[in-house]
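Chemist: This is the content of my_file15.tsv (TSV, C-alpha atoms and all ligand atoms):
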chain	number	residue	atom	x	y	z
A	1	MET	CA	25.55	-11.04	0.68
A	2	ASP	CA	25.01	-14.42	2.37
A	3	HIS	CA	26.05	-13.18	5.79
A	4	PRO	CA	23.84	-11.32	8.23
A	5	HIS	CA	23.88	-7.60	7.54
A	6	ARG	CA	21.77	-4.49	8.09
A	7	ARG	CA	20.33	-2.33	5.33
A	8	PHE	CA	19.29	1.30	5.66
A	9	ASN	CA	15.84	2.47	4.62
A	10	ARG	CA	16.46	5.84	2.98
A	11	LEU	CA	12.77	6.65	3.13
A	12	SER	CA	12.03	5.94	6.80
A	13	ARG	CA	15.64	6.12	8.05
A	14	ASP	CA	15.14	2.80	9.88
A	15	TRP	CA	17.52	-0.14	9.65
A	16	VAL	CA	16.48	-3.69	8.75
A	17	LEU	CA	18.41	-6.83	9.71
A	18	VAL	CA	18.88	-9.26	6.78
A	19	SER	CA	19.69	-12.91	7.61
A	20	PRO	CA	19.77	-14.78	4.25
A	21	HIS	CA	21.28	-17.97	5.70
A	22	ARG	CA	18.14	-18.45	7.79
A	23	ALA	CA	15.73	-18.92	4.87
A	24	GLN	CA	15.85	-22.71	5.07
A	25	ARG	CA	14.86	-23.10	8.72
A	26	PRO	CA	12.13	-25.72	9.30
A	27	TRP	CA	8.58	-24.46	9.85
A	28	GLN	CA	6.33	-26.18	12.39
A	29	GLY	CA	4.40	-23.06	13.35
A	30	LYS	CA	1.15	-21.45	12.33
A	31	VAL	CA	-0.34	-22.35	8.97
A	32	GLU	CA	-3.11	-20.04	7.72
A	33	PRO	CA	-6.30	-21.58	6.30
A	34	ALA	CA	-6.29	-21.84	2.50
A	35	ALA	CA	-8.19	-19.12	0.64
A	36	SER	CA	-11.92	-19.67	0.61
A	37	ALA	CA	-13.91	-20.97	-2.34
A	38	ARG	CA	-15.01	-18.97	-5.37
A	39	ARG	CA	-17.49	-16.21	-4.72
A	40	PRO	CA	-20.66	-15.32	-6.63
A	41	PRO	CA	-20.69	-12.11	-8.76
A	42	HIS	CA	-23.35	-10.72	-6.39
A	43	ASP	CA	-23.79	-11.75	-2.76
A	44	PRO	CA	-27.13	-10.74	-1.22
A	45	ARG	CA	-25.50	-10.70	2.26
A	46	CYS	CA	-22.59	-8.43	1.28
A	47	TYR	CA	-22.66	-4.87	2.70
A	48	LEU	CA	-20.75	-3.58	-0.32
A	49	CYS	CA	-22.57	-5.20	-3.25
A	50	ALA	CA	-24.71	-2.98	-5.48
A	51	GLY	CA	-28.32	-2.49	-4.31
A	52	ASN	CA	-27.69	-4.05	-0.88
A	53	GLU	CA	-28.34	-2.57	2.54
A	54	ARG	CA	-25.27	-1.63	4.58
A	55	ALA	CA	-24.81	-2.12	8.34
A	56	SER	CA	-25.97	1.48	8.82
A	57	GLY	CA	-29.31	0.74	7.17
A	58	GLU	CA	-28.38	2.85	4.15
A	59	ARG	CA	-28.77	1.20	0.74
A	60	ASN	CA	-26.06	1.13	-1.95
A	61	PRO	CA	-27.24	2.36	-5.36
A	62	PRO	CA	-27.22	-0.11	-8.28
A	63	TYR	CA	-23.69	1.05	-9.16
A	64	THR	CA	-21.98	-0.34	-12.26
A	65	SER	CA	-18.41	0.94	-11.96
A	66	THR	CA	-16.60	2.21	-8.82
A	67	TYR	CA	-18.68	3.47	-5.90
A	68	VAL	CA	-17.53	5.71	-3.02
A	69	PHE	CA	-19.42	6.27	0.23
A	70	ALA	CA	-18.74	7.79	3.66
A	71	ASN	CA	-17.53	5.05	6.02
A	72	ASP	CA	-20.37	4.16	8.40
A	73	PHE	CA	-17.84	3.43	11.15
A	74	ALA	CA	-15.31	6.19	10.49
A	75	ALA	CA	-12.11	6.29	12.56
A	76	LEU	CA	-11.84	10.05	12.05
A	77	LEU	CA	-14.78	12.38	12.46
A	78	PRO	CA	-15.48	15.91	11.26
A	79	GLY	CA	-16.49	18.39	13.92
A	80	SER	CA	-14.68	20.99	15.92
A	81	PRO	CA	-11.04	20.14	16.63
A	82	HIS	CA	-11.45	21.58	20.11
A	83	ASP	CA	-14.49	19.57	21.10
A	84	ALA	CA	-12.93	16.37	22.23
A	85	VAL	CA	-9.87	17.10	24.33
A	86	PRO	CA	-9.48	19.40	27.32
A	87	ASP	CA	-6.83	22.02	26.59
A	88	PRO	CA	-4.21	21.15	29.24
A	89	LEU	CA	-3.62	17.72	27.67
A	90	ALA	CA	-2.56	19.37	24.39
A	91	GLU	CA	0.37	21.15	26.09
A	92	GLU	CA	3.70	20.00	24.60
A	93	SER	CA	5.24	19.73	28.06
A	94	HIS	CA	2.48	17.52	29.42
A	95	LEU	CA	3.54	13.97	30.25
A	96	LEU	CA	0.24	12.47	29.07
A	97	LEU	CA	0.09	14.41	25.82
A	98	CYS	CA	-3.06	14.33	23.71
A	99	ARG	CA	-4.22	16.20	20.60
A	100	PRO	CA	-7.68	16.57	19.07
A	101	VAL	CA	-8.07	15.32	15.49
A	102	ARG	CA	-10.58	15.92	12.79
A	103	GLY	CA	-11.10	13.96	9.60
A	104	GLU	CA	-13.21	12.01	7.21
A	105	CYS	CA	-13.24	8.35	6.10
A	106	ARG	CA	-14.58	6.89	2.88
A	107	VAL	CA	-14.92	3.43	1.37
A	108	ILE	CA	-14.24	2.76	-2.33
A	109	CYS	CA	-15.88	-0.25	-3.95
A	110	PHE	CA	-13.59	-1.03	-6.88
A	111	SER	CA	-16.26	-2.86	-8.85
A	112	PRO	CA	-19.84	-4.11	-8.38
A	113	ARG	CA	-18.50	-7.64	-9.01
A	114	HIS	CA	-18.26	-9.36	-5.62
A	115	ASP	CA	-16.11	-12.13	-7.10
A	116	LEU	CA	-13.32	-9.94	-8.50
A	117	THR	CA	-10.15	-8.49	-7.01
A	118	LEU	CA	-8.12	-5.56	-8.28
A	119	ALA	CA	-5.74	-8.15	-9.77
A	120	ARG	CA	-8.52	-9.92	-11.62
A	121	MET	CA	-10.28	-6.80	-12.88
A	122	PRO	CA	-9.68	-5.85	-16.52
A	123	VAL	CA	-7.12	-3.05	-17.06
A	124	GLU	CA	-9.96	-0.71	-18.08
A	125	GLY	CA	-11.62	-1.32	-14.71
A	126	ILE	CA	-8.34	-0.68	-12.86
A	127	ARG	CA	-8.00	2.54	-14.86
A	128	VAL	CA	-11.35	3.68	-13.43
A	129	VAL	CA	-10.11	2.87	-9.92
A	130	VAL	CA	-7.03	5.06	-10.65
A	131	GLU	CA	-9.33	7.91	-11.72
A	132	THR	CA	-11.43	7.43	-8.58
A	133	TRP	CA	-8.33	7.57	-6.35
A	134	LEU	CA	-7.33	10.79	-8.16
A	135	ARG	CA	-10.72	12.43	-7.82
A	136	GLU	CA	-11.16	11.53	-4.16
A	137	SER	CA	-7.63	12.55	-3.28
A	138	ARG	CA	-8.00	15.92	-5.02
A	139	ASP	CA	-11.22	16.61	-3.13
A	140	LEU	CA	-9.95	15.59	0.31
A	141	ARG	CA	-6.47	17.12	-0.08
A	142	SER	CA	-8.09	20.52	-0.51
A	143	ARG	CA	-9.32	20.22	3.08
A	144	PHE	CA	-6.98	17.89	4.97
A	145	ALA	CA	-3.25	17.75	5.75
A	146	TRP	CA	-2.90	14.04	4.93
A	147	VAL	CA	-5.04	11.79	2.77
A	148	GLN	CA	-4.36	8.09	3.15
A	149	ILE	CA	-5.70	5.92	0.35
A	150	PHE	CA	-5.27	2.21	1.10
A	151	GLU	CA	-6.50	-1.31	0.55
A	152	ASN	CA	-6.47	-4.18	3.04
A	153	LYS	CA	-6.78	-7.35	1.02
A	154	GLY	CA	-7.46	-10.78	2.43
A	155	GLU	CA	-8.72	-12.06	5.77
A	156	ILE	CA	-5.13	-12.49	6.91
A	157	MET	CA	-4.74	-8.69	6.68
A	158	GLY	CA	-7.88	-8.03	8.70
A	159	CYS	CA	-10.02	-7.24	5.69
A	160	SER	CA	-13.63	-7.47	6.83
A	161	ASN	CA	-15.20	-8.30	3.47
A	162	PRO	CA	-13.96	-10.03	0.29
A	163	HIS	CA	-15.79	-7.56	-1.97
A	164	PRO	CA	-13.04	-5.63	-3.85
A	165	HIS	CA	-12.72	-2.38	-1.95
A	166	GLY	CA	-10.32	0.09	-0.42
A	167	GLN	CA	-10.52	2.96	2.02
A	168	ILE	CA	-9.52	6.58	2.44
A	169	TRP	CA	-8.80	8.19	5.76
A	170	ALA	CA	-8.21	11.95	5.58
A	171	GLY	CA	-7.09	13.89	8.66
A	172	ASP	CA	-5.90	17.28	9.81
A	173	PHE	CA	-2.53	15.91	10.97
A	174	ILE	CA	0.54	14.22	9.44
A	175	PRO	CA	0.74	10.61	10.71
A	176	ASN	CA	4.00	8.99	11.92
A	177	GLU	CA	5.06	7.16	8.74
A	178	ALA	CA	4.34	10.20	6.58
A	179	ALA	CA	6.28	12.48	8.91
A	180	LYS	CA	9.34	10.18	8.79
A	181	GLU	CA	9.23	9.98	4.98
A	182	ASP	CA	8.79	13.72	4.66
A	183	ALA	CA	11.81	14.44	6.84
A	184	ALA	CA	13.96	11.88	4.97
A	185	GLN	CA	13.04	13.19	1.51
A	186	LYS	CA	13.60	16.78	2.61
A	187	ARG	CA	16.99	15.86	4.05
A	188	TRP	CA	17.99	14.12	0.80
A	189	LYS	CA	16.99	17.16	-1.26
A	190	GLU	CA	18.99	19.45	1.00
A	191	SER	CA	22.12	17.30	0.97
A	192	HIS	CA	22.03	15.83	-2.59
A	193	GLY	CA	19.86	18.31	-4.49
A	194	GLY	CA	17.64	15.67	-6.07
A	195	VAL	CA	14.31	14.00	-5.36
A	196	LEU	CA	15.16	10.94	-3.25
A	197	LEU	CA	12.72	8.48	-4.84
A	198	LEU	CA	13.48	9.66	-8.36
A	199	ASP	CA	17.21	9.12	-7.75
A	200	TYR	CA	16.31	5.77	-6.20
A	201	ALA	CA	14.07	4.70	-9.12
A	202	ARG	CA	16.90	5.48	-11.56
A	203	THR	CA	19.42	3.54	-9.49
A	204	GLU	CA	17.14	0.51	-9.34
A	205	ALA	CA	16.33	0.67	-13.07
A	206	GLU	CA	20.08	0.70	-13.89
A	207	CYS	CA	20.88	-2.16	-11.51
A	208	GLY	CA	17.86	-4.33	-12.29
A	209	ASP	CA	18.34	-6.84	-9.44
A	210	ARG	CA	15.32	-5.72	-7.46
A	211	VAL	CA	13.05	-4.69	-10.35
A	212	VAL	CA	9.86	-6.75	-10.65
A	213	VAL	CA	8.09	-4.90	-13.45
A	214	LYS	CA	8.38	-1.55	-15.17
A	215	ASN	CA	6.83	0.41	-18.01
A	216	LYS	CA	7.37	3.85	-19.56
A	217	SER	CA	6.20	5.80	-16.49
A	218	TRP	CA	6.47	3.41	-13.52
A	219	ILE	CA	8.81	0.99	-11.80
A	220	ALA	CA	7.95	-1.60	-9.13
A	221	VAL	CA	10.83	-2.90	-7.02
A	222	VAL	CA	11.34	-5.01	-3.92
A	223	PRO	CA	13.16	-2.18	-2.22
A	224	TRP	CA	16.75	-2.52	-0.99
A	225	TRP	CA	15.39	-2.03	2.54
A	226	ALA	CA	12.25	-4.23	2.24
A	227	VAL	CA	10.99	-5.65	5.53
A	228	TRP	CA	8.15	-7.86	4.33
A	229	PRO	CA	9.37	-10.79	2.16
A	230	TYR	CA	7.59	-9.64	-1.02
A	231	GLU	CA	7.22	-5.97	-0.22
A	232	ILE	CA	6.94	-3.64	-3.22
A	233	LEU	CA	7.63	0.04	-3.74
A	234	LEU	CA	5.86	1.41	-6.84
A	235	MET	CA	7.08	4.79	-8.11
A	236	PRO	CA	6.98	7.06	-11.16
A	237	ARG	CA	10.37	6.60	-12.82
A	238	SER	CA	10.87	9.46	-15.23
A	239	ARG	CA	9.86	12.69	-13.52
A	240	HIS	CA	8.97	14.35	-10.24
A	241	VAL	CA	5.29	13.69	-9.45
A	242	PRO	CA	4.21	14.88	-5.97
A	243	SER	CA	0.65	13.55	-5.92
A	244	LEU	CA	-1.89	11.46	-7.79
A	245	SER	CA	-3.55	14.54	-9.24
A	246	ASP	CA	-0.24	15.50	-10.89
A	247	LEU	CA	-0.36	12.36	-13.07
A	248	ALA	CA	-0.87	12.96	-16.80
A	249	ALA	CA	-3.43	10.83	-18.65
A	250	ASP	CA	-0.77	8.52	-20.14
A	251	GLU	CA	0.79	8.06	-16.68
A	252	GLN	CA	-2.61	7.02	-15.37
A	253	ASP	CA	-2.92	4.52	-18.24
A	254	ASP	CA	0.55	3.21	-17.42
A	255	LEU	CA	-0.38	2.94	-13.75
A	256	ALA	CA	-3.39	0.74	-14.54
A	257	ASP	CA	-1.11	-1.38	-16.75
A	258	ILE	CA	1.62	-1.87	-14.15
A	259	LEU	CA	-0.90	-2.57	-11.36
A	260	LYS	CA	-2.47	-5.32	-13.44
A	261	ARG	CA	0.92	-6.88	-14.19
A	262	LEU	CA	2.24	-6.54	-10.65
A	263	LEU	CA	-0.87	-7.89	-8.93
A	264	THR	CA	-1.15	-10.81	-11.36
A	265	ARG	CA	2.44	-11.78	-10.51
A	266	TYR	CA	1.53	-11.58	-6.83
A	267	ASP	CA	-1.42	-13.98	-7.37
A	268	ASN	CA	0.72	-16.33	-9.43
A	269	LEU	CA	3.58	-16.49	-6.88
A	270	PHE	CA	1.73	-18.80	-4.49
A	271	GLU	CA	-1.29	-19.48	-6.74
A	272	THR	CA	-3.64	-17.69	-4.41
A	273	ASP	CA	-5.49	-14.38	-4.09
A	274	PHE	CA	-2.38	-12.69	-2.72
A	275	PRO	CA	-3.12	-10.75	0.48
A	276	TYR	CA	-1.55	-7.39	1.25
A	277	SER	CA	-2.00	-3.93	2.65
A	278	MET	CA	-1.20	-1.32	0.05
A	279	GLY	CA	-1.49	2.42	0.05
A	280	TRP	CA	-0.50	5.67	-1.61
A	281	HIS	CA	1.88	8.18	-0.12
A	282	GLU	CA	1.24	11.55	-1.70
A	283	SER	CA	2.97	14.79	-0.90
A	284	PRO	CA	1.50	16.33	2.26
A	285	SER	CA	-1.01	18.87	1.04
A	286	ALA	CA	1.00	21.90	2.14
A	287	ALA	CA	4.16	21.00	0.16
A	288	GLY	CA	4.37	22.66	-3.27
A	289	PRO	CA	5.28	21.04	-6.60
A	290	GLU	CA	8.91	22.20	-6.16
A	291	GLY	CA	9.20	20.05	-3.06
A	292	TRP	CA	11.05	16.85	-2.31
A	293	TRP	CA	8.14	14.45	-2.05
A	294	GLN	CA	7.72	11.83	-4.77
A	295	LEU	CA	4.40	10.00	-5.11
A	296	HIS	CA	4.69	6.28	-4.39
A	297	ALA	CA	2.72	3.24	-3.27
A	298	HIS	CA	3.79	0.64	-0.72
A	299	PHE	CA	2.59	-2.96	-0.90
A	300	TYR	CA	3.07	-4.96	2.31
A	301	PRO	CA	2.10	-8.62	1.79
A	302	PRO	CA	2.33	-10.89	4.86
A	303	LEU	CA	3.09	-14.20	3.07
A	304	LEU	CA	6.53	-15.78	3.43
A	305	ARG	CA	6.76	-19.27	1.95
A	306	SER	CA	3.38	-20.25	0.55
A	307	ALA	CA	-0.28	-19.28	0.56
A	308	THR	CA	-0.50	-20.54	4.13
A	309	VAL	CA	2.78	-19.59	5.84
A	310	LYS	CA	3.13	-15.94	6.76
A	311	LYS	CA	5.85	-13.83	8.23
A	312	PHE	CA	5.38	-12.75	11.84
A	313	MET	CA	6.65	-9.44	13.15
A	314	VAL	CA	7.38	-10.53	16.70
A	315	GLY	CA	10.24	-10.90	19.18
A	316	TYR	CA	13.31	-9.13	17.84
A	317	GLU	CA	11.17	-7.18	15.36
A	318	MET	CA	8.92	-5.78	18.09
A	319	LEU	CA	11.72	-5.18	20.54
A	320	GLY	CA	14.74	-4.46	18.37
A	321	GLU	CA	14.31	-3.93	14.63
A	322	ALA	CA	12.72	-5.54	11.60
A	323	GLN	CA	14.40	-8.64	10.18
A	324	ARG	CA	14.04	-10.66	6.99
A	325	ASP	CA	15.34	-14.00	5.75
A	326	ILE	CA	15.12	-14.12	1.96
A	327	THR	CA	16.94	-11.21	0.37
A	328	PRO	CA	15.05	-8.56	-1.58
A	329	GLU	CA	17.03	-9.68	-4.67
A	330	ILE	CA	15.74	-13.27	-4.38
A	331	ALA	CA	12.18	-12.09	-3.74
A	332	ALA	CA	12.32	-9.81	-6.79
A	333	ALA	CA	13.71	-12.61	-9.00
A	334	ARG	CA	10.88	-14.94	-7.90
A	335	LEU	CA	8.25	-12.32	-8.73
A	336	ARG	CA	9.96	-11.52	-12.04
A	337	ASN	CA	9.87	-15.21	-12.95
A	338	CYS	CA	6.09	-15.37	-12.39
A	339	SER	CA	3.84	-14.84	-15.36
A	340	ASP	CA	1.98	-11.57	-15.60
A	341	HIS	CA	-0.80	-13.32	-17.49
A	342	CYS	CA	-3.46	-15.19	-15.57
A	343	LEU	CA	-2.31	-18.80	-15.32
A	344	PRO	CA	-4.68	-21.35	-16.91
A	345	GLY	CA	-5.33	-22.93	-13.49
A	346	ALA	CA	-5.77	-19.60	-11.69
A	347	LYS	CA	-9.14	-18.47	-10.45
A	348	ALA	CA	-9.46	-15.75	-13.08
B	1	LIG	P1	-11.95	-3.26	5.64
B	1	LIG	O1	-12.45	-4.50	5.00
B	1	LIG	O2	-10.55	-2.90	5.19
B	1	LIG	O3	-12.16	-3.28	7.11
B	1	LIG	O4	-12.87	-2.06	5.07
B	1	LIG	C1	-14.24	-2.09	5.14
B	1	LIG	C2	-14.73	-0.78	5.67
B	1	LIG	O5	-16.10	-0.64	5.32
B	1	LIG	C3	-14.61	-0.67	7.17
B	1	LIG	O6	-13.84	0.47	7.51
B	1	LIG	C4	-16.78	-0.05	6.37
B	1	LIG	C5	-16.06	-0.49	7.63
B	1	LIG	O7	-16.16	0.50	8.64
B	1	LIG	N1	-18.18	-0.47	6.30
B	1	LIG	C6	-19.18	0.48	6.20
B	1	LIG	O8	-18.88	1.68	6.19
B	1	LIG	N2	-20.48	0.08	6.09
B	1	LIG	C7	-20.87	-1.22	6.11
B	1	LIG	O9	-22.04	-1.51	6.03
B	1	LIG	C8	-19.90	-2.31	6.25
B	1	LIG	C9	-18.46	-1.89	6.34
B	2	ZN	ZN	-20.18	-7.80	-2.47
Let me see the file written as structure tokens.

Modeler:
Amino acid sequence: MDHPHRRFNRLSRDWVLVSPHRAQRPWQGKVEPAASARRPPHDPRCYLCAGNERASGERNPPYTSTYVFANDFAALLPGSPHDAVPDPLAEESHLLLCRPVRGECRVICFSPRHDLTLARMPVEGIRVVVETWLRESRDLRSRFAWVQIFENKGEIMGCSNPHPHGQIWAGDFIPNEAAKEDAAQKRWKESHGGVLLLDYARTEAECGDRVVVKNKSWIAVVPWWAVWPYEILLMPRSRHVPSLSDLAADEQDDLADILKRLLTRYDNLFETDFPYSMGWHESPSAAGPEGWWQLHAHFYPPLLRSATVKKFMVGYEMLGEAQRDITPEIAAARLRNCSDHCLPGAKA
């Protein structure tokens, strides 16, 4: 597949333009600054470190494992859904349509260690993060239609603080990406009878070309329809699992294991703390266990060629459709060829 072609994203039902011949074009454009120097285990100026005061004036406890708090600058607020917006603007027929929203936002500190990342945490520590995701999701899903667990990692991704942390935004509405994926998975179930991402995981495991790492319960692939150069789709591979709270204990162990191995490969690819936005897509709360939704995580890393050259989503991508140069198969092979042990020279 050396010629330009389009691939179909079964999950979002978008197309992506693939132009493999273009991978060698010269680069004289923007070069990102190299990752900053090593950090101390505790930074007295960090809002997220244990025992420190946050921007709100509240003080973090001397936490020793993961720590969750209500976001001091939440994008979604509790309160009456009818407070904010005058009724006429919620009318479907209105040209300037508007809807009230209600929600809750939390921050998860993965570890008290300011100098670590999820990738550099021990597997046991990652296992605690998995449990925290599960617990928080279970709590918020009992009250909200969609719970978005995510991590922005690295300055390049707009992360405001290098302390290892993620976020949760829970709201009383289904956001765009979730709505597209729900419709696509439902459609697949209706026309093929199976769970789309379970069928997909099996197809990828059999083929192998796009597999980066797998274990008994999980598979991580650069998906057939990847847009970002080193994008990853992480899915349970052996059974239908709608949400994090449906994971058995051994599947949670396996998740911590595969996260460690995947994220270490990411760091080793360009020998840097690999930036990305990642997040979990769980079944919308209303859908039952017999549904079509399969739990999965997306990883969207911005880097293209090195620690300092990123992919831009501009021009044709903004106006037409997403486009990529290196094929998902080449990206997966490069990640497969990286070690999943910390390299001797790495900042572990
Ligand atoms: P990001 O680095 O992905 O922006 O996440 C940090 C979040 O932490 C951000 O949403 C919150 C910000 O609102 N925060 C607090 O709630 N309190 C603070 O004192 C600092 C940052
Ligand atoms: Zn810190």

Chemist: Within 7 Å of ligand ZN 2 (chain B), counting all atoms listed in the file: which residues, as a ChimeraX atom specification?

Modeler: /A:42-43,46-49,112-114,163

Chemist: Using all atoms listed in the file, find each residue of chain A with at least one atom at most 8 Å away from an atom of ligand LIG 1 (chain B); report its shortest atom-to-atom pair and that distance in Å (one decimal), sort the rows by chain and rising residue number, and return the result as a tab-separated table.

Modeler:
residue	atom	partner	partner_atom	distance
A:Tyr47	CA	B:LIG1	O9	4.8
A:Leu48	CA	B:LIG1	C8	6.7
A:Glu53	CA	B:LIG1	O9	7.3
A:Arg54	CA	B:LIG1	O9	3.5
A:Ala55	CA	B:LIG1	O9	3.7
A:Ser56	CA	B:LIG1	O9	5.7
A:Gly57	CA	B:LIG1	O9	7.7
A:Glu58	CA	B:LIG1	O9	7.9
A:Phe69	CA	B:LIG1	O8	7.5
A:Ala70	CA	B:LIG1	O8	6.6
A:Asn71	CA	B:LIG1	O8	3.6
A:Asp72	CA	B:LIG1	O8	3.6
A:Phe73	CA	B:LIG1	O7	4.2
A:Ala74	CA	B:LIG1	O7	6.0
A:Ala75	CA	B:LIG1	O6	7.9
A:Arg106	CA	B:LIG1	O8	7.5
A:Val107	CA	B:LIG1	O5	5.8
A:Glu151	CA	B:LIG1	O2	6.4
A:Asn152	CA	B:LIG1	O2	4.8
A:Lys153	CA	B:LIG1	O2	7.2
A:Gly158	CA	B:LIG1	O3	6.6
A:Cys159	CA	B:LIG1	O1	3.7
A:Ser160	CA	B:LIG1	O1	3.7
A:Asn161	CA	B:LIG1	O1	4.9
A:Pro162	CA	B:LIG1	O1	7.4
A:His165	CA	B:LIG1	O4	7.0
A:Gly166	CA	B:LIG1	O2	6.4
A:Gln167	CA	B:LIG1	O4	6.3

Chemist: Identify the residues around (-26.8, 4.4, -7.1) within a radius of 8 Å, measuring from only C-alpha atoms in the coordinates stated by the file, and give them as a ChimeraX atom specification.

Modeler: /A:50-51,60-63

Chemist: Store the residues of this selection in a file with C-alpha atoms, as an mmCIF file, keeping the file's coordinate frame.

Modeler:
data_model
loop_
_atom_site.group_PDB
_atom_site.id
_atom_site.type_symbol
_atom_site.label_atom_id
_atom_site.label_comp_id
_atom_site.auth_asym_id
_atom_site.auth_seq_id
_atom_site.Cartn_x
_atom_site.Cartn_y
_atom_site.Cartn_z
ATOM 1 C CA ALA A 50 -24.710 -2.980 -5.480
ATOM 2 C CA GLY A 51 -28.320 -2.490 -4.310
ATOM 3 C CA ASN A 60 -26.060 1.130 -1.950
ATOM 4 C CA PRO A 61 -27.240 2.360 -5.360
ATOM 5 C CA PRO A 62 -27.220 -0.110 -8.280
ATOM 6 C CA TYR A 63 -23.690 1.050 -9.160
#

Chemist: Pick from A:Glu131, A:Asp253, A:Glu231, A:Asp325: nearest to A:Ala297, with only C-alpha atoms counted?

Modeler: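 Answer, going by the shortest atom-to-atom distance: A:Glu231.
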
Chemist: Name the closest residue to A:Met278 among the candidates A:Leu118, A:Leu197, A:Val241, A:Val212; distances are taken between atoms, counting all atoms listed in the file.

Modeler: A:Leu118

Chemist: Considering all atoms listed in the file, return as a list in words whatever protein or nucleic-acid residues lie within 9 Å of A:Trp280, sequence-local ones (same chain, fewer than 3 positions apart) excluded.

Modeler: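 Counting only the stated atoms, we get Val147, Gln148, Ile149, Phe150, Leu244, Leu295, His296, Ala297 and His298 of chain A.
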
Chemist: Which value, in Å to one decimal, gives the distance between atom CA of A:Ser12 and atom CA of A:Val195?

Modeler: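 The value is 14.8 Å.
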
Chemist: Between A:Leu95, A:Ala331, A:Ala201, A:Met318, single out the one closest to A:Pro229, counting only C-alpha atoms.

Modeler: A:Ala331

Chemist: Mind pulling up the distance from atom CA of A:Asp246 to atom CA of A:Arg265?

Modeler: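 These atoms are spaced 27.4 Å apart.
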
Chemist: Just checking: using all atoms listed in the file, which residue out of A:Ala145, A:Met235, A:Leu198, A:Val211 ends up closest to A:Ile174?

Modeler: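 The closest residue to A:Ile174 is A:Ala145.
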
Chemist: Box for stretch 71-79 of chain A: with edges along x, y and z, all listed atoms inside and 8 Å added on each side, what are the centre and edge lengths in Å to one decimal, as lines of an AutoDock Vina configuration file?

Modeler:
center_x = -16.1
center_y = 10.9
center_z = 10.0
size_x = 24.5
size_y = 31.0
size_z = 23.9

Chemist: Please determine, counting all atoms listed in the file, which residue among A:Arg135, A:Arg102, A:Arg10, A:Lys214 has the shortest atom-to-atom distance to A:Gly171.

Modeler: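 So, comparing all the options, the nearest one is A:Arg102.
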
Chemist: What separation in Å, quoted to one decimal, exists between atom CA of A:Ile326 and atom CA of A:Ala178?

Modeler: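 These two atoms are separated by 27.0 Å.
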
Chemist: Which residue gives the smallest distance to A:Gly279 among A:Leu196, A:Leu233, A:Val222, A:Cys207, with all atoms listed in the file counted?

Modeler: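 Of A:Leu196, A:Leu233, A:Val222, A:Cys207, the one nearest A:Gly279, counting all atoms listed in the file, is A:Leu233.
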
Chemist: Counting all atoms listed in the file, note down every residue that has an atom within 10 Å of the point (13.9, -10.0, -13.7) (file coordinates), as a short mmCIF file (atom, residue, chain, number, x, y, z; two decimals) with C-alpha atoms, in the coordinates of the input.

Modeler:
data_model
loop_
_atom_site.label_atom_id
_atom_site.label_comp_id
_atom_site.auth_asym_id
_atom_site.auth_seq_id
_atom_site.Cartn_x
_atom_site.Cartn_y
_atom_site.Cartn_z
CA GLY A 208 17.86 -4.33 -12.29
CA ASP A 209 18.34 -6.84 -9.44
CA ARG A 210 15.32 -5.72 -7.46
CA VAL A 211 13.05 -4.69 -10.35
CA VAL A 212 9.86 -6.75 -10.65
CA VAL A 213 8.09 -4.90 -13.45
CA GLU A 329 17.03 -9.68 -4.67
CA ALA A 332 12.32 -9.81 -6.79
CA ALA A 333 13.71 -12.61 -9.00
CA ARG A 334 10.88 -14.94 -7.90
CA LEU A 335 8.25 -12.32 -8.73
CA ARG A 336 9.96 -11.52 -12.04
CA ASN A 337 9.87 -15.21 -12.95
CA CYS A 338 6.09 -15.37 -12.39
#

Chemist: Mind checking which residues fall within 12 Å of A:Asp14, counting only C-alpha atoms, ignoring those fewer than 6 positions away in the same chain, and posting them as JSON, numbers by chain?

Modeler: {"A": [6, 7, 8, 177, 180, 181, 184, 225, 226, 227, 320, 321, 322, 323]}

Chemist: Write out as a list in words each polymer residue whose atoms come within 8 Å of A:Lys186, counting only C-alpha atoms; drop sequence neighbours fewer than 5 positions from it.

Modeler: Gly291, Trp292 and Trp293 of chain A

Chemist: As a short mmCIF file (atom, residue, chain, number, x, y, z; two decimals) with C-alpha atoms, keeping the file's coordinate frame, please: the residues near A:Ser245 (cut-off 7 Å, only C-alpha atoms, same-chain neighbours under 2 positions excluded).

Modeler:
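Output below, filename out_2.cif:
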data_model
loop_
_atom_site.label_atom_id
_atom_site.label_comp_id
_atom_site.auth_asym_id
_atom_site.auth_seq_id
_atom_site.Cartn_x
_atom_site.Cartn_y
_atom_site.Cartn_z
CA LEU A 134 -7.33 10.79 -8.16
CA ARG A 138 -8.00 15.92 -5.02
CA SER A 243 0.65 13.55 -5.92
CA LEU A 247 -0.36 12.36 -13.07
#

Chemist: Tell me which protein, DNA and RNA residues are within 12 Å of A:Asn215, counting only C-alpha atoms, leaving out same-chain ones fewer than 6 positions away, and put them as a list in words.

Modeler: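 Everything that qualifies: Ala205, Leu234, Met235, Pro236, Arg237, Ser238, Asp250, Glu251, Gln252, Asp253, Asp254, Leu255, Ala256, Asp257, Ile258, Leu259, Lys260, Arg261 and Leu262 of chain A.
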